[in-house]
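Undergrad: mmCIF, C-alpha atoms and all ligand atoms, saved as work06.cif, coming up:
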```cif
data_run
#
loop_
_atom_site.label_atom_id
_atom_site.label_comp_id
_atom_site.auth_asym_id
_atom_site.auth_seq_id
_atom_site.Cartn_x
_atom_site.Cartn_y
_atom_site.Cartn_z
CA MET A 5 15.12 25.77 6.56
CA ILE A 6 13.41 22.37 6.43
CA ALA A 7 10.67 23.63 8.74
CA LEU A 8 10.02 26.58 6.41
CA LYS A 9 9.88 24.27 3.40
CA THR A 10 7.32 22.08 5.19
CA ILE A 11 5.22 25.10 6.11
CA PHE A 12 5.23 26.32 2.49
CA ALA A 13 4.25 22.86 1.29
CA GLN A 14 1.40 22.78 3.81
CA ILE A 15 0.15 26.22 2.72
CA GLU A 16 0.32 25.12 -0.91
CA ASN A 17 -1.66 21.98 -0.12
CA SER A 18 -4.27 23.73 1.97
CA MET A 19 -4.73 26.32 -0.76
CA SER A 20 -5.44 23.71 -3.37
CA GLU A 21 -7.60 21.68 -0.98
CA LYS A 22 -9.98 24.65 -1.04
CA GLU A 23 -10.52 24.05 -4.75
CA PHE A 24 -12.58 21.01 -3.80
CA ILE A 25 -15.14 22.95 -1.77
CA PRO A 26 -18.18 23.47 -4.02
CA ALA A 27 -19.49 27.02 -4.47
CA SER A 28 -23.19 26.10 -4.39
CA TYR A 29 -25.68 23.52 -5.61
CA THR A 30 -28.48 24.09 -8.09
CA THR A 31 -30.86 21.72 -6.29
CA LEU A 32 -30.69 19.08 -3.59
CA LYS A 33 -32.81 16.10 -4.65
CA GLU A 34 -35.29 14.62 -2.16
CA GLU A 35 -34.14 11.04 -2.70
CA GLY A 36 -32.40 8.68 -5.05
CA THR A 37 -29.94 5.80 -5.46
CA VAL A 38 -26.41 5.75 -6.85
CA ALA A 39 -24.13 2.74 -7.32
CA TYR A 40 -20.54 2.07 -8.37
CA SER A 41 -18.08 -0.75 -8.68
CA SER A 42 -14.50 0.18 -7.87
CA PRO A 43 -11.36 -1.94 -8.07
CA SER A 44 -8.42 -2.60 -5.84
CA ASN A 45 -4.92 -1.67 -7.02
CA ILE A 46 -1.42 -3.03 -6.52
CA ALA A 47 1.46 -0.61 -6.03
CA LEU A 48 4.66 -1.02 -8.03
CA VAL A 49 6.37 1.81 -6.13
CA LYS A 50 4.98 1.66 -2.61
CA TYR A 51 3.41 4.36 -0.48
CA TRP A 52 4.61 3.83 3.09
CA GLY A 53 4.63 6.76 5.50
CA LYS A 54 2.33 9.76 5.64
CA ARG A 55 1.90 13.22 7.07
CA GLU A 56 -1.25 14.79 8.48
CA ASN A 57 -4.42 14.65 6.35
CA GLN A 58 -3.26 11.59 4.45
CA ILE A 59 -0.47 13.41 2.63
CA PRO A 60 1.97 10.73 1.43
CA ALA A 61 5.59 10.87 2.56
CA ASN A 62 6.66 9.61 -0.87
CA PRO A 63 5.17 9.21 -4.35
CA SER A 64 3.78 5.87 -5.55
CA ILE A 65 2.40 4.23 -8.68
CA SER A 66 0.06 1.27 -9.10
CA PHE A 67 -1.58 -1.07 -11.56
CA THR A 68 -5.34 -0.81 -11.27
CA LEU A 69 -6.84 -4.30 -10.93
CA ALA A 70 -9.88 -5.70 -12.72
CA ALA A 71 -11.28 -8.63 -10.74
CA CYS A 72 -10.91 -7.55 -7.11
CA THR A 73 -13.67 -4.98 -6.75
CA THR A 74 -16.16 -3.53 -4.28
CA LYS A 75 -19.72 -2.83 -5.35
CA THR A 76 -21.48 -0.14 -3.35
CA SER A 77 -24.91 1.41 -3.64
CA VAL A 78 -26.11 4.40 -1.64
CA GLN A 79 -29.79 5.09 -1.21
CA TYR A 80 -30.32 8.64 0.00
CA LYS A 81 -33.34 10.40 1.42
CA LYS A 82 -33.60 13.92 2.79
CA LYS A 83 -33.97 13.95 6.59
CA ASP A 84 -37.27 15.33 7.91
CA LYS A 85 -35.36 17.49 10.33
CA LYS A 86 -31.81 18.57 9.71
CA SER A 87 -29.51 17.28 12.45
CA ASP A 88 -25.86 17.70 13.26
CA GLU A 89 -25.14 13.97 13.01
CA PHE A 90 -24.33 11.77 10.07
CA SER A 91 -27.13 9.31 9.59
CA PHE A 92 -26.64 5.98 7.81
CA ASP A 93 -27.32 2.27 7.87
CA LEU A 94 -24.57 -0.01 6.69
CA LEU A 95 -25.09 -3.38 5.04
CA PHE A 96 -22.19 -5.63 4.09
CA GLU A 97 -23.15 -8.46 1.78
CA GLY A 98 -26.76 -7.84 2.70
CA GLU A 99 -26.29 -7.98 6.48
CA PRO A 100 -26.02 -5.04 8.91
CA LYS A 101 -22.37 -4.50 9.85
CA GLU A 102 -22.09 -2.34 12.95
CA GLU A 103 -18.30 -2.76 13.29
CA PHE A 104 -17.65 -0.99 9.96
CA LYS A 105 -19.62 2.09 11.02
CA PRO A 106 -16.95 4.02 12.98
CA LYS A 107 -14.60 3.91 9.97
CA ILE A 108 -17.33 5.27 7.70
CA ASN A 109 -18.21 7.93 10.27
CA THR A 110 -14.57 9.09 10.37
CA PHE A 111 -14.53 9.17 6.57
CA LEU A 112 -17.72 11.26 6.48
CA LYS A 113 -16.22 13.72 8.98
CA ARG A 114 -13.10 14.10 6.86
CA ILE A 115 -14.99 14.73 3.62
CA GLU A 116 -17.86 16.83 4.94
CA ALA A 117 -16.18 20.18 4.15
CA TYR A 118 -15.99 19.11 0.50
CA LEU A 119 -19.49 17.61 0.27
CA PRO A 120 -21.56 19.94 2.47
CA PHE A 121 -24.84 18.11 1.78
CA LEU A 122 -23.90 14.98 3.74
CA LYS A 123 -25.75 15.88 6.95
CA GLU A 124 -28.96 16.67 5.02
CA TYR A 125 -29.55 13.00 4.22
CA HIS A 126 -30.08 9.58 5.68
CA PHE A 127 -28.13 6.96 3.71
CA VAL A 128 -28.51 3.24 3.28
CA ILE A 129 -25.09 2.01 2.21
CA ASN A 130 -25.01 -1.46 0.74
CA THR A 131 -21.61 -2.89 -0.05
CA SER A 132 -20.04 -6.19 -1.14
CA ASN A 133 -16.66 -7.42 -2.34
CA SER A 134 -15.93 -9.66 -5.31
CA PHE A 135 -13.10 -11.33 -3.39
CA PRO A 136 -13.66 -13.64 -0.45
CA HIS A 137 -14.30 -11.99 2.89
CA SER A 138 -11.27 -12.09 5.19
CA SER A 139 -9.02 -13.31 2.36
CA GLY A 140 -6.31 -11.02 3.65
CA ILE A 141 -6.90 -8.79 0.61
CA ALA A 142 -7.31 -5.23 1.82
CA SER A 143 -10.68 -3.87 0.80
CA SER A 144 -10.01 -0.30 1.91
CA ALA A 145 -8.87 0.91 -1.55
CA SER A 146 -11.85 -0.51 -3.43
CA GLY A 147 -14.30 0.12 -0.57
CA MET A 148 -13.43 3.74 0.13
CA SER A 149 -13.23 4.66 -3.56
CA ALA A 150 -16.60 3.03 -4.30
CA LEU A 151 -18.22 5.03 -1.52
CA ALA A 152 -16.54 8.28 -2.58
CA LEU A 153 -17.78 7.67 -6.13
CA CYS A 154 -21.38 7.28 -4.90
CA PHE A 155 -21.23 10.56 -2.95
CA MET A 156 -19.64 12.36 -5.90
CA GLU A 157 -22.36 11.03 -8.19
CA MET A 158 -24.86 12.66 -5.84
CA GLU A 159 -22.94 15.93 -6.01
CA ARG A 160 -22.87 15.71 -9.81
CA SER A 161 -26.66 15.45 -9.87
CA PHE A 162 -26.98 18.53 -7.62
CA SER A 163 -24.63 20.69 -9.68
CA GLU A 164 -24.54 22.51 -13.03
CA SER A 165 -21.99 20.35 -14.78
CA ILE A 166 -18.70 18.78 -13.81
CA SER A 167 -16.23 17.60 -16.43
CA ASP A 168 -15.13 13.96 -16.20
CA GLU A 169 -11.62 15.15 -15.40
CA ASP A 170 -12.77 17.29 -12.47
CA PHE A 171 -15.08 14.52 -11.31
CA ASN A 172 -12.28 11.94 -11.25
CA ARG A 173 -9.89 14.30 -9.56
CA LYS A 174 -12.32 15.13 -6.78
CA VAL A 175 -13.29 11.46 -6.27
CA SER A 176 -9.62 10.59 -5.99
CA PHE A 177 -9.12 13.46 -3.55
CA LEU A 178 -12.05 12.26 -1.39
CA SER A 179 -11.01 8.59 -1.58
CA ARG A 180 -7.55 9.53 -0.32
CA LEU A 181 -9.16 10.86 2.84
CA GLY A 182 -10.70 7.42 3.42
CA SER A 183 -7.58 5.38 2.71
CA GLY A 184 -4.44 6.73 1.01
CA SER A 185 -4.09 4.05 -1.64
CA ALA A 186 -7.82 4.33 -2.51
CA CYS A 187 -7.03 7.48 -4.48
CA ARG A 188 -5.31 5.25 -7.06
CA SER A 189 -8.41 3.13 -7.78
CA ILE A 190 -10.61 5.46 -9.85
CA GLU A 191 -8.90 5.15 -13.22
CA GLY A 192 -6.48 2.78 -14.92
CA PRO A 193 -4.40 1.07 -16.11
CA LEU A 194 -1.66 2.91 -14.18
CA VAL A 195 -2.19 5.62 -11.58
CA GLN A 196 0.43 7.77 -9.93
CA TRP A 197 0.00 9.62 -6.63
CA GLY A 198 2.32 11.99 -4.79
CA GLU A 199 4.27 15.00 -5.94
CA THR A 200 7.50 14.12 -7.72
CA ALA A 201 9.69 16.13 -10.08
CA SER A 202 9.74 13.57 -12.90
CA ILE A 203 5.94 13.40 -13.35
CA GLU A 204 4.16 16.47 -14.57
CA GLY A 205 0.86 17.16 -12.84
CA SER A 206 1.65 14.82 -9.93
CA SER A 207 -0.02 15.81 -6.67
CA ASN A 208 -0.07 14.82 -3.03
CA LEU A 209 -3.83 15.43 -2.97
CA PHE A 210 -5.05 12.98 -5.62
CA GLY A 211 -3.93 10.28 -8.02
CA ILE A 212 -3.52 10.98 -11.73
CA LYS A 213 -3.74 8.65 -14.68
CA TYR A 214 -0.10 7.95 -15.55
CA PRO A 215 0.54 10.61 -18.20
CA TYR A 216 3.32 9.04 -20.29
CA ALA A 217 3.64 6.29 -22.88
CA VAL A 218 3.17 2.71 -21.69
CA HIS A 219 4.50 -0.15 -23.84
CA GLU A 220 1.97 -2.71 -25.04
CA VAL A 221 3.72 -5.50 -23.12
CA PHE A 222 1.98 -4.09 -20.03
CA SER A 223 -1.51 -4.31 -21.50
CA ASN A 224 -3.43 -7.20 -20.03
CA PHE A 225 -0.61 -7.79 -17.52
CA HIS A 226 -1.52 -10.58 -15.11
CA ASP A 227 -1.59 -10.47 -11.33
CA THR A 228 -2.30 -13.86 -9.76
CA ILE A 229 -2.84 -13.19 -6.07
CA LEU A 230 -1.72 -16.03 -3.82
CA LEU A 231 -3.59 -16.11 -0.53
CA VAL A 232 -0.89 -17.24 1.85
CA ASP A 233 -2.42 -16.09 5.09
CA LYS A 234 -5.95 -14.95 5.62
CA GLY A 235 -5.66 -14.05 9.30
CA GLU A 236 -5.97 -10.57 10.80
CA LYS A 237 -2.75 -8.65 10.35
CA GLN A 238 -0.89 -8.13 13.66
CA VAL A 239 0.00 -4.58 12.61
CA SER A 240 -2.37 -2.37 10.58
CA SER A 241 -1.21 -0.11 7.71
CA THR A 242 -2.17 2.90 9.83
CA VAL A 243 0.33 1.87 12.50
CA GLY A 244 2.92 0.95 9.87
CA HIS A 245 2.70 4.40 8.22
CA GLU A 246 3.03 5.98 11.63
CA LEU A 247 6.24 4.06 12.34
CA MET A 248 7.97 5.80 9.42
CA HIS A 249 8.12 8.94 11.60
CA GLY A 250 11.60 8.90 13.06
CA HIS A 251 12.46 5.69 11.20
CA PRO A 252 16.25 5.44 10.84
CA PHE A 253 16.04 4.83 7.06
CA ALA A 254 13.08 7.10 6.24
CA THR A 255 14.96 9.76 4.28
CA GLN A 256 16.79 7.22 2.12
CA ARG A 257 13.57 5.30 1.52
CA PHE A 258 11.61 8.37 0.45
CA ASP A 259 14.43 9.43 -1.90
CA GLN A 260 14.51 5.93 -3.34
CA ALA A 261 10.79 6.06 -4.19
CA HIS A 262 11.28 9.30 -6.18
CA SER A 263 14.22 7.80 -8.01
CA ASN A 264 12.37 4.54 -8.78
CA LEU A 265 9.48 6.49 -10.26
CA GLU A 266 11.86 8.36 -12.48
CA LYS A 267 13.53 5.11 -13.58
CA LEU A 268 10.16 3.52 -14.31
CA LYS A 269 9.42 6.18 -16.92
CA SER A 270 11.72 4.69 -19.54
CA VAL A 271 11.03 1.13 -18.33
CA LEU A 272 7.31 1.61 -18.94
CA SER A 273 7.72 3.29 -22.30
CA LYS A 274 10.30 0.81 -23.65
CA GLY A 275 8.71 -2.29 -22.13
CA ASP A 276 12.00 -3.09 -20.39
CA LEU A 277 10.77 -6.04 -18.31
CA LYS A 278 14.16 -6.86 -16.83
CA THR A 279 14.49 -3.48 -15.14
CA PHE A 280 10.77 -3.50 -14.32
CA ILE A 281 11.30 -6.71 -12.33
CA SER A 282 14.29 -5.34 -10.44
CA ILE A 283 12.42 -2.18 -9.42
CA VAL A 284 9.15 -3.91 -8.50
CA GLU A 285 10.73 -6.71 -6.44
CA SER A 286 13.09 -4.31 -4.71
CA GLU A 287 10.13 -2.06 -3.82
CA ALA A 288 8.25 -5.00 -2.28
CA LEU A 289 11.20 -6.12 -0.20
CA THR A 290 12.05 -2.56 0.81
CA LEU A 291 8.49 -2.08 2.09
CA HIS A 292 8.90 -5.14 4.30
CA ALA A 293 12.44 -4.11 5.25
CA MET A 294 10.96 -0.85 6.56
CA MET A 295 8.61 -2.89 8.75
CA MET A 296 11.43 -5.08 10.02
CA THR A 297 13.60 -2.06 10.90
CA SER A 298 10.99 0.18 12.53
CA ASN A 299 10.64 0.60 16.26
CA PRO A 300 8.80 -1.55 17.29
CA TYR A 301 9.77 -3.94 14.46
CA PHE A 302 7.38 -6.43 12.96
CA ILE A 303 7.20 -9.07 10.21
CA LEU A 304 4.12 -9.58 8.05
CA MET A 305 5.61 -12.16 5.68
CA LYS A 306 5.11 -15.83 6.52
CA PRO A 307 7.43 -18.77 5.80
CA ASN A 308 5.30 -19.60 2.73
CA THR A 309 5.74 -16.05 1.41
CA LEU A 310 9.50 -16.67 1.30
CA SER A 311 9.08 -20.14 -0.21
CA ILE A 312 6.99 -18.64 -3.01
CA ILE A 313 9.56 -15.90 -3.67
CA ASN A 314 12.34 -18.48 -3.90
CA GLU A 315 10.31 -20.66 -6.27
CA ILE A 316 9.63 -17.63 -8.50
CA TRP A 317 13.33 -16.76 -8.65
CA LYS A 318 14.27 -20.34 -9.48
CA PHE A 319 11.61 -20.70 -12.16
CA ARG A 320 12.43 -17.33 -13.72
CA GLN A 321 16.03 -18.35 -14.19
CA GLU A 322 15.20 -21.78 -15.58
CA SER A 323 12.41 -20.65 -17.89
CA ASN A 324 13.84 -17.34 -19.00
CA THR A 325 10.44 -15.75 -18.46
CA HIS A 326 9.55 -12.42 -16.86
CA VAL A 327 7.46 -13.51 -13.92
CA CYS A 328 8.01 -11.48 -10.77
CA PHE A 329 6.37 -10.78 -7.43
CA THR A 330 5.22 -7.90 -5.34
CA LEU A 331 3.79 -7.73 -1.83
CA ASP A 332 1.22 -5.63 -0.03
CA ALA A 333 1.31 -4.95 3.68
CA GLY A 334 0.65 -8.63 4.37
CA ALA A 335 1.77 -12.19 3.67
CA ASN A 336 -0.02 -12.66 0.33
CA VAL A 337 2.02 -12.64 -2.86
CA HIS A 338 1.03 -10.88 -6.10
CA VAL A 339 2.56 -12.75 -9.03
CA LEU A 340 2.98 -10.46 -12.04
CA TYR A 341 3.61 -11.61 -15.64
CA PRO A 342 2.91 -10.51 -19.19
CA GLU A 343 0.01 -11.92 -21.22
CA TYR A 344 2.30 -13.55 -23.80
CA GLU A 345 3.92 -15.73 -21.11
CA LYS A 346 0.73 -16.88 -19.41
CA ASP A 347 0.76 -20.37 -20.95
CA ILE A 348 4.15 -21.07 -19.36
CA VAL A 349 3.75 -19.14 -16.11
CA PHE A 350 0.22 -20.08 -15.05
CA PRO A 351 0.84 -23.88 -15.05
CA PHE A 352 3.95 -23.19 -12.93
CA ILE A 353 1.88 -21.15 -10.47
CA LYS A 354 -0.72 -23.93 -10.20
CA GLU A 355 1.81 -26.69 -9.75
CA LYS A 356 4.51 -25.04 -7.62
CA LEU A 357 3.04 -22.02 -5.87
CA VAL A 358 -0.60 -22.79 -5.10
CA PRO A 359 0.44 -25.58 -2.65
CA PHE A 360 1.84 -22.78 -0.43
CA CYS A 361 -1.56 -21.01 -0.30
CA GLN A 362 -3.95 -21.34 2.61
CA ASN A 363 -6.59 -23.87 1.49
CA GLY A 364 -5.09 -23.62 -2.01
CA GLN A 365 -6.78 -20.26 -2.56
CA TYR A 366 -5.72 -17.76 -5.20
CA ILE A 367 -7.33 -15.06 -7.35
CA CYS A 368 -6.65 -14.55 -11.07
CA ASP A 369 -6.59 -10.83 -11.61
CA ARG A 370 -5.13 -8.55 -14.25
CA ILE A 371 -4.56 -4.91 -14.99
CA GLY A 372 -7.83 -2.97 -15.22
CA LEU A 373 -9.31 0.31 -16.33
CA GLY A 374 -10.88 1.67 -13.16
CA ALA A 375 -14.27 2.22 -11.57
CA LYS A 376 -17.63 1.71 -13.28
CA LYS A 377 -21.00 3.30 -12.68
CA LEU A 378 -23.67 0.64 -12.13
O1 LIG A 401 -3.88 2.90 1.81
P1 LIG A 401 -3.26 2.34 3.04
O2 LIG A 401 -3.16 3.35 4.14
O3 LIG A 401 -3.90 1.04 3.46
O4 LIG A 401 -1.72 1.98 2.71
C1 LIG A 401 -1.37 1.05 1.72
C2 LIG A 401 0.07 0.79 1.74
C3 LIG A 401 0.57 -0.30 0.81
O5 LIG A 401 -0.48 -1.10 0.31
C4 LIG A 401 1.50 -1.21 1.59
C5 LIG A 401 1.37 0.28 -0.34
C6 LIG A 401 0.59 0.97 -1.43
O6 LIG A 401 1.16 1.91 -2.00
O7 LIG A 401 -0.53 0.56 -1.75
#
```
Please go through the file and, once you have read it, give me the structure as structure tokens.
Ligand code: PMV

TA:
Amino acid sequence: MIALKTIFAQIENSMSEKEFIPASYTTLKEEGTVAYSSPSNIALVKYWGKRENQIPANPSISFTLAACTTKTSVQYKKKDKKSDEFSFDLLFEGEPKEEFKPKINTFLKRIEAYLPFLKEYHFVINTSNSFPHSSGIASSASGMSALALCFMEMERSFSESISDEDFNRKVSFLSRLGSGSACRSIEGPLVQWGETASIEGSSNLFGIKYPYAVHEVFSNFHDTILLVDKGEKQVSSTVGHELMHGHPFATQRFDQAHSNLEKLKSVLSKGDLKTFISIVESEALTLHAMMMTSNPYFILMKPNTLSIINEIWKFRQESNTHVCFTLDAGANVHVLYPEYEKDIVFPFIKEKLVPFCQNGQYICDRIGLGAKKL
């Protein structure tokens, strides 16, 4: 029964994946340049576990960020002779970066069926991040979405006309094939990804702008990112997702994500910060609990991550504020709080939390509205 259900779901997905294959192009330009800036995002309900073709094992939702962004430009020129290889130069912060090329090559392979012009061109891809290199902040969401946006901008210029809605949906679809969470970076302030009964229009193939009411307490929400550990992660997200196959708590975890998304609906519309905090913090700790209970098990938090969490809990109780934390797949802590409490919370962060950061480094970010054409 379950096997049949999975097969039907796969057929359904592959049928709608075909929608993203373009019928034809009006013209293929000889050369040009396109450029985009695309942000990172921070999940409130976490995506952890996937099936083939980057199909998420559970639905997720994130705040789009504003300050942590990747800027990418793509210069394209028709090849003299068509070849069966992808052809590109890659510059990161102005310098050639050979080690990033295999990842881009894999991405190009995955998206080629949906952008059939890719092998007609030689590209010069020039990319840079607004956040410090090797800060431990994952750049895959902003990086992959910025690149997908550039390629889609090319497609737009080769085609009759694409509505903004179709454009965003296809960029999100393509970004997902680069890095799952990248599909949540195109729009803002809140993006949901992964089919779930409580959200109309939700899809496993792309992220959608959260379609329901969001209380004004969430506008301009702050995310101060504390850089606790900037080292290479011992276990990549790819491996972590993989370890959810056969994980003893997988089913319960995936059910919990659906239920948390449903609960968030009234939390977001009413501005119920108390319940918001309990869902968001539980999601962060559950993500790390999944890591600690997989086989092999691993821990990405550091002692300072725990010290920060304890300080936040203590301060929240004493100050009666609504500051809370969430975590990515790493040791850094995202400190979330509403705009109207910033004058109380930010001094606390500077005094009590920043001393736990590596070299005292942190990034002041806040909720953002998505990618921008440059
Ligand atoms: O997009 P990936 O494959 O790097 O996975 C990201 C997973 C988390 O950041 C831990 C959670 C999420 O939903 O963003």

Undergrad: Taking all atoms of ligand LIG 401 (chain A) that the file lists, what box with edges along x, y and z, padded by 3 Å per side, do you get, with centre and edge lengths in Å to one decimal, as JSON?

TA:
```
{"center_x": -1.2, "center_y": 1.1, "center_z": 1.1, "size_x": 11.4, "size_y": 10.6, "size_z": 12.1}
```

Undergrad: List as a ChimeraX atom specification the protein and nucleic acid residues lying within 7 Å of ligand LIG 401 (chain A), with only C-alpha atoms and all ligand atoms counted.

TA: /A:46-47,49-52,64,144-145,183-186,241-242,332-333

Undergrad: As a ChimeraX atom specification, please: the residues near A:Leu357 (cut-off 10 Å, only C-alpha atoms, same-chain neighbours under 2 positions excluded).

TA: /A:230,232,308-309,311-313,315-316,337,339,350-355,359-361,364,366

Undergrad: Can you pull out every residue within 12 Å of A:Ser270, counting only C-alpha atoms, but drop anything in the same chain fewer than 5 positions away, and send it as a list in words?

TA: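 My reading of the contact set: Ser202, Tyr216, Ala217, Val218, His219, Asn264, Leu265, Gly275, Asp276, Leu277, Thr279 and Phe280 of chain A.
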
Undergrad: Nearest residue to A:Ala150 out of A:Thr31, A:Ser44, A:Thr68, A:Gln79, using only C-alpha atoms?

TA: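 Selected residue with least distance to A:Ala150: A:Ser44.
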
Undergrad: So, counting all atoms listed in the file, which residue among A:Thr330, A:Asn324, A:Ser286, A:Asn130 is closest to A:Val78?

TA: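 Residue with the minimum atom-to-atom distance to A:Val78: A:Asn130.
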
Undergrad: So how many Å separate atom CA of A:Thr228 and atom CA of A:Leu151, to one decimal?

TA: 26.0 Å

Undergrad: Report, in Å with one decimal, the straight-line distance from atom CA of A:Gly235 to atom CA of A:Met294.

TA: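 We find that atom CA of A:Gly235 and atom CA of A:Met294 lie 21.4 Å from each other.
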
Undergrad: Which polymer residues have any atom within 7 Å of an atom of stretch 303-307 of chain A, counting all atoms listed in the file, with same-chain residues fewer than 5 positions away left out, as a ChimeraX atom specification?

TA: /A:295-296,333-335

Undergrad: Compare A:His226, A:Lys274, A:Lys267, A:Lys75 by their minimum atom-to-atom distance to A:Glu345, counting all atoms listed in the file, and give me the closest one.

TA: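 Comparing A:His226, A:Lys274, A:Lys267, A:Lys75 against A:Glu345, the winner is A:His226.
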
Undergrad: May I ask which of the residues A:Gln58, A:Thr325, A:Ser176, A:Gln256 is the closest one to A:Thr290, counting all atoms listed in the file?

TA: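 Looking at the shortest contact to A:Thr290, the residue is A:Gln256.
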
Undergrad: Find the distance between atom CA of A:Ile141 and atom CA of A:Asp369 and write it in Å to one decimal.

TA: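 Atom-to-atom, atom CA of A:Ile141 and atom CA of A:Asp369 are spaced 12.4 Å apart.
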
Undergrad: I want to know what sits within 6 Å of A:Lys54, based on only C-alpha atoms, with residues of the same chain fewer than 6 positions away left out; could you give that as a ChimeraX atom specification?

TA: /A:60-61,245

Undergrad: So which residues fall inside 6 Å of (-27.6, 22.3, -11.0) if we count only C-alpha atoms? Mind giving them as a list in words?

TA: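 Every residue inside that radius is included here: Tyr29, Thr30, Thr31, Phe162, Ser163 and Glu164 of chain A.
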
Undergrad: Compare A:Phe96, A:Phe121, A:Glu246, A:Phe24 by their minimum atom-to-atom distance to A:Asn172, counting only C-alpha atoms, and give me the closest one.

TA: A:Phe24

Undergrad: Between A:Ser42, A:Gln196, A:Ser66, A:Asn57, which residue has the minimum interatomic distance to A:Ser143, considering only C-alpha atoms?

TA: A:Ser42
